[in-house]
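Undergrad: Handing you a structure now.
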Amino acid sequence: MKVKLRNGKDGRYKLAEVPEVFRTMKRAQSVTPQALLPVLLEETSLRVLEREESDRKTLDFLKTYWKIIYAILWPLSLLPLLIIYDSSEVRCAFVILIMAGYWITEVFPMAITSLLPIVLFPCLGVLTTDEACSCYMNDTIMVFIGGLILAVAIEHCNLHLRIALGVMKMVGCSHSRLLGGLCVVTTFISMWVSNTAATAMMLPIIFAILQELEEAGFGKMFIKVTDIKSPQEQILKPSKVTMSYLLIVAYSSTFGGTGTLVGTGTNLTFKGIYESTFPFAEGINFTDWMIASFPQMIANSFLTWLYVRIAFLGYLRPKSKDALAATIGTEGEKIANNVVKARYSALGPISFHEIGVTILFLLCIFLWIFRKPGFVFGWSELITDIEIKDSTPVILVSILMFFIPKNPSFIYSWSKNPEKRPVKSSEGLITWKVIETKMPWSLMFLLGSGFAISKGSVHSSLAKTIGRTLTPLKSLPPIIIMTFICFFVGIITEFTSNVGIANITLPVIAQMSIAMELHPMYLMIPATLMCSFSFRLPVGTPPNALVTVAGHIPTKWLMMAGCLPSLYSLLVQILLFSTWGVFIYDIAEFPDWASDVTIKD
């Protein structure tokens with residue numbers, strides 16, 4: 001209750017509106033300001049404290065339940081759009097915007113958000129339930145599943161670790177050579193296994209080498225600095241040498257994933273969206289992708305090796321502090337070499353398990369490359385007239401892993417020595433328990449949602465409507481349009497899932513290509529690769545998050561370090577795809593099948 005005072009003729013203040021506390025003062029007809037002030041202050045303080053407590057509870061509530069509040073309010077805020085402009089295109093856009101908002105904020109697990117088209121598209125009349133569900137299991141997703149089984153098998157038998165340590169033994173153990181070896185190995189392994197697994201595998205090797213060098217007096221892994229927020233405490237920050245090792249692994253695993261069709265989920269997302277949007281086009285095959293993407297992968301990896309040496313190890317600056325700190329001499333090289341040799345020796349002799357996985361791995365690559373290579377008659381063309389796609393070889397190899405035992409003890413079943421006879425049968429090269437544990441099943445739903453969004457955009461004519469609005473850009477040179485799209489995708493992919501960004505942007509880019517009469521691959525493939533090139537924020541991609549946490553890298557350091565890789569990867573992409581990529585895919589002309597995307601009922 002407010003208190004209002006008015007000045008009387010006698011110079012005393014009268015109470016015009018009395019708070020509750022003064023109602024008890026029955027004899028008080030007037031009070032002096034001196035008597036009133038303490039009571040007013042106490043009353044005001046209590047009310048301020050009550051208001052602050054209420055505000056604090058409100059903030060605590062919002063902090064605790066902001067996800068569910070956003071999940072409810074975001075669709076409600078879009079509902080007027082659906083009510084005012086009720087059409088098939090708007091209904092499709094309504095679903096896509098809801099999913100985009102949920103993906104960016106991650107209010108629900110991304111896999112759960114990915115299932116929304118199965119519910120919303122049929123209810124809003126965009127797709128039937130059968131059409132929506134069919135998007136979640138097709139050739140592309142089977143390639144994804146088979147590729148992951150193969151990757152899990154490689155990791156299960158430690159073949160990737162043997163390759164990594166073997167290469168590092170050969171290249172030598174100076175910092176520059178070790179970085180080169182790490183770059184080559186991580187890039188190669190990431191072509192076949194997830195970039196997360198490739199990065200996680202290399203971190204223990206890095207820390208073991210740097211720890212041994214530190215104990216021998218060759219630099220420090222981490223530096224203790226005073227925490228600005230708490231001056232009495234100290235925090236660990238990586239030295240420049242440590243930064244160079246961590247960043248080259250993170251960046252190389254990202255670039256390696258772009259080298260093959262199965263290297264990362266964004267590549268398979270493109271394959272599925274492209275083939276569903278343009279059913280009369282020739283599909284995306286493993287061979288063409290690898291041949292077209294290999295040069296940019298090598299160029300980016302090489303530039304990364306040069307970049308971390310120049311930025312963190314003083315390369316080209318021999319008298320700088322960075323160069324002096326990175327010099328370990330022959331003794332330091334021996335120490336690092338001993339660590340690598342010890343780790344390699346701990347693996348023991350190559351096992352039958354590793355040999356079996358290696359043979360099947362090479363068999364899968366052979367079947368992928370020579371399925372229908374174009375320059376020779378493919379094996380699929382020899383055995384049948386029916387089209388065989390990339391999922392068939394990788395699923396065949398996945399099945400064979402359950403046929404072949406990881407331990408050939410059965411050959412001693414008739415041995416005269418009873419001790420050699422097997423008591424139980426050996427498990428296969430891979431087991432279902434291992435697959436269940438290590439398989440990222442959520443990505444399968446994420447890929448499926450992208451195909452559903454693409455199919456819904458075409459069926460509802462939303463994609464065509466968006467494409468027509470972009471027709472004025474047709475007057476610009478194609479390479480300028482490619483540059484703009486790559487730059488835009490490279491920015492937004494820093495803030496959320498790479499696959500999520502690909503799901504949202506690729507259907508729109510496909511229709512942009514039609515509106516501007518460009519071959520869809522000309523814009524879609526560079527955009528797909530740029531979805532992977534996230535270097536500036538920990539949330540951009542799992543390798544960034546792994547090295548940030550493991551290496552105690554401040555976010556601002558990661559942002560500054562990632563600016564140059566983001567720039568040169570963009571330039572390499574534009575330069576090589578507009579020349580080499582266009583030549584390999586033969587996409588200089590606008591194809592007839594893309595002039596009008598038909599809808600299958």
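Going through the structure tokens in order, the chains are called A, B, and so on, while each chain numbers its residues from 1 and the ligands are numbered from 1 in the order shown.
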Assign secondary structure with DSSP using the backbone only, and return the residues of region 75-196 of chain A in helix (DSSP H, G or I) as a PyMOL selection string.
TA: chain A and resi 75-84+88-105+110-113+116-123+129-134+139-156+159-171+175-190+195-196
Undergrad: Pick out the residues sitting within 10 Å of Gly562 (chain A), and hand them over as a VMD selection string; count only C-alpha atoms, and ignore anything fewer than 5 positions along from it in its own chain.
TA: chain A and resid 247 251 533 to 537 544 556 to 557 567
Undergrad: Could you write out that same residue set with N, CA and C atoms as a PDB file, in the first residue's frame?
TA:
ATOM      1  N   LEU A 247      44.032 -29.504 -32.541  1.00  0.00           N
ATOM      2  CA  LEU A 247      43.295 -28.920 -33.658  1.00  0.00           C
ATOM      3  C   LEU A 247      43.510 -29.682 -34.957  1.00  0.00           C
ATOM      4  N   TYR A 251      40.358 -31.022 -37.056  1.00  0.00           N
ATOM      5  CA  TYR A 251      40.128 -30.537 -38.418  1.00  0.00           C
ATOM      6  C   TYR A 251      40.295 -31.658 -39.445  1.00  0.00           C
ATOM      7  N   PHE A 533      31.987 -28.375 -42.603  1.00  0.00           N
ATOM      8  CA  PHE A 533      33.141 -27.518 -42.295  1.00  0.00           C
ATOM      9  C   PHE A 533      32.805 -26.545 -41.161  1.00  0.00           C
ATOM     10  N   SER A 534      32.717 -27.096 -39.972  1.00  0.00           N
ATOM     11  CA  SER A 534      32.427 -26.316 -38.777  1.00  0.00           C
ATOM     12  C   SER A 534      33.652 -26.345 -37.874  1.00  0.00           C
ATOM     13  N   PHE A 535      34.285 -25.183 -37.666  1.00  0.00           N
ATOM     14  CA  PHE A 535      35.557 -25.151 -36.946  1.00  0.00           C
ATOM     15  C   PHE A 535      35.584 -24.163 -35.781  1.00  0.00           C
ATOM     16  N   ARG A 536      34.573 -23.313 -35.638  1.00  0.00           N
ATOM     17  CA  ARG A 536      34.702 -22.175 -34.727  1.00  0.00           C
ATOM     18  C   ARG A 536      33.998 -22.313 -33.389  1.00  0.00           C
ATOM     19  N   LEU A 537      33.074 -23.249 -33.261  1.00  0.00           N
ATOM     20  CA  LEU A 537      32.355 -23.397 -31.996  1.00  0.00           C
ATOM     21  C   LEU A 537      32.355 -24.863 -31.566  1.00  0.00           C
ATOM     22  N   ASN A 544      35.159 -30.898 -32.489  1.00  0.00           N
ATOM     23  CA  ASN A 544      35.413 -29.633 -31.782  1.00  0.00           C
ATOM     24  C   ASN A 544      35.128 -29.776 -30.299  1.00  0.00           C
ATOM     25  N   LYS A 556      36.858 -18.887 -26.920  1.00  0.00           N
ATOM     26  CA  LYS A 556      37.359 -17.788 -27.762  1.00  0.00           C
ATOM     27  C   LYS A 556      38.626 -18.205 -28.506  1.00  0.00           C
ATOM     28  N   TRP A 557      39.452 -19.076 -27.908  1.00  0.00           N
ATOM     29  CA  TRP A 557      40.627 -19.589 -28.617  1.00  0.00           C
ATOM     30  C   TRP A 557      40.198 -20.450 -29.802  1.00  0.00           C
ATOM     31  N   LEU A 567      37.882 -20.158 -43.774  1.00  0.00           N
ATOM     32  CA  LEU A 567      38.117 -19.370 -44.978  1.00  0.00           C
ATOM     33  C   LEU A 567      38.758 -20.205 -46.078  1.00  0.00           C
TER      34      LEU A 567
END
Undergrad: Ranking A:Arg317, A:Arg421, A:Lys237, A:Arg343 by minimum distance to Ile163 (chain A) and counting only C-alpha atoms, which one comes first?
TA: A:Arg343
Undergrad: My list of candidates is A:Gly172, A:Pro520, A:Gly259, A:Pro238. Which is closest to Met482 (chain A) when distances are computed with only C-alpha atoms?
TA: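 The closest residue to Met482 (chain A) is A:Pro520.
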Undergrad: Excluding Thr129 (chain A) and residues on its chain fewer than 3 positions from it, collect all residues at most 10 Å away from it, counting only C-alpha atoms, and give them as a list of chain:residue names.
TA: A:Pro117, A:Ile118, A:Val119, A:Leu120, A:Phe121, A:Pro122, A:Cys123, A:Gly125, A:Val126, A:Ala132, A:Cys133, A:Ser134
Undergrad: Could you please take those selected residues and save N, CA and C atoms as a compact mmCIF listing (two decimals), in the first residue's frame?
TA:
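Okay, selection-v4.txt is ready:
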# COMPACT_ATOMS: atom_id res chain seq x y z
N PRO A 117 7.58 -35.67 -38.77
CA PRO A 117 6.86 -35.80 -40.06
C PRO A 117 5.92 -37.00 -40.12
N ILE A 118 6.23 -38.08 -39.40
CA ILE A 118 5.35 -39.25 -39.42
C ILE A 118 4.00 -38.92 -38.81
N VAL A 119 3.97 -37.98 -37.87
CA VAL A 119 2.72 -37.57 -37.23
C VAL A 119 2.08 -36.39 -37.95
N LEU A 120 2.86 -35.35 -38.21
CA LEU A 120 2.29 -34.09 -38.68
C LEU A 120 1.97 -34.09 -40.17
N PHE A 121 2.81 -34.70 -41.00
CA PHE A 121 2.54 -34.69 -42.44
C PHE A 121 1.20 -35.37 -42.77
N PRO A 122 0.93 -36.58 -42.25
CA PRO A 122 -0.39 -37.19 -42.55
C PRO A 122 -1.55 -36.37 -41.96
N CYS A 123 -1.39 -35.86 -40.73
CA CYS A 123 -2.48 -35.11 -40.10
C CYS A 123 -2.79 -33.81 -40.83
N GLY A 125 -2.23 -33.40 -44.09
CA GLY A 125 -2.53 -33.68 -45.50
C GLY A 125 -1.39 -33.43 -46.45
N VAL A 126 -0.14 -33.47 -45.96
CA VAL A 126 1.02 -33.25 -46.83
C VAL A 126 1.46 -34.57 -47.48
N ALA A 132 5.32 -41.12 -45.68
CA ALA A 132 6.23 -40.55 -44.67
C ALA A 132 7.13 -41.63 -44.08
N CYS A 133 6.56 -42.79 -43.75
CA CYS A 133 7.35 -43.86 -43.13
C CYS A 133 8.38 -44.44 -44.08
N SER A 134 8.07 -44.47 -45.37
CA SER A 134 9.01 -45.05 -46.34
C SER A 134 10.30 -44.24 -46.43
Undergrad: How many Å lie between CA of Gly540 (chain A) and CA of Gln296 (chain A), rounded to one decimal?
TA: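 Answer for the CA of Gly540 (chain A) to CA of Gln296 (chain A) separation: 20.6 Å.
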Undergrad: Just want the 6 Å neighbourhood of region 305-313 of chain A, counted on only C-alpha atoms, with same-chain residues fewer than 2 positions away dropped. Output as a list of chain:residue names.
TA: A:Lys240, A:Ser244, A:Phe302, A:Leu303, A:Tyr315, A:Asp322, A:Ala323, A:Ala326
Undergrad: Go through region 225-288 of chain A and collect every residue that DSSP, computed from the backbone, puts in strand (DSSP E or B); the answer should be as a list in words.
TA: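 For region 225-288 of chain A, the strand (DSSP E or B) set is Val225, Thr226, Gln234, Ile235, Leu236, Lys237 and Pro238 of chain A.
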Undergrad: Between CA of Arg91 (chain A) and CA of Lys464 (chain A), what is the distance in Å, rounded to a tenth?
TA: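 Atom-to-atom, CA of Arg91 (chain A) and CA of Lys464 (chain A) are spaced 14.5 Å apart.
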Undergrad: Quick one: residues within 7 Å of region 180-185 of chain A, only C-alpha atoms counted, chain neighbours fewer than 4 positions away excluded, as a list of chain:residue names?
TA: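 Result of the neighbour search: A:Ala164, A:Val167, A:Met168, A:Val171, A:Ser176, A:Ile189, A:Ile248, A:Val249, A:Ser252, A:Ser301, A:Trp305.
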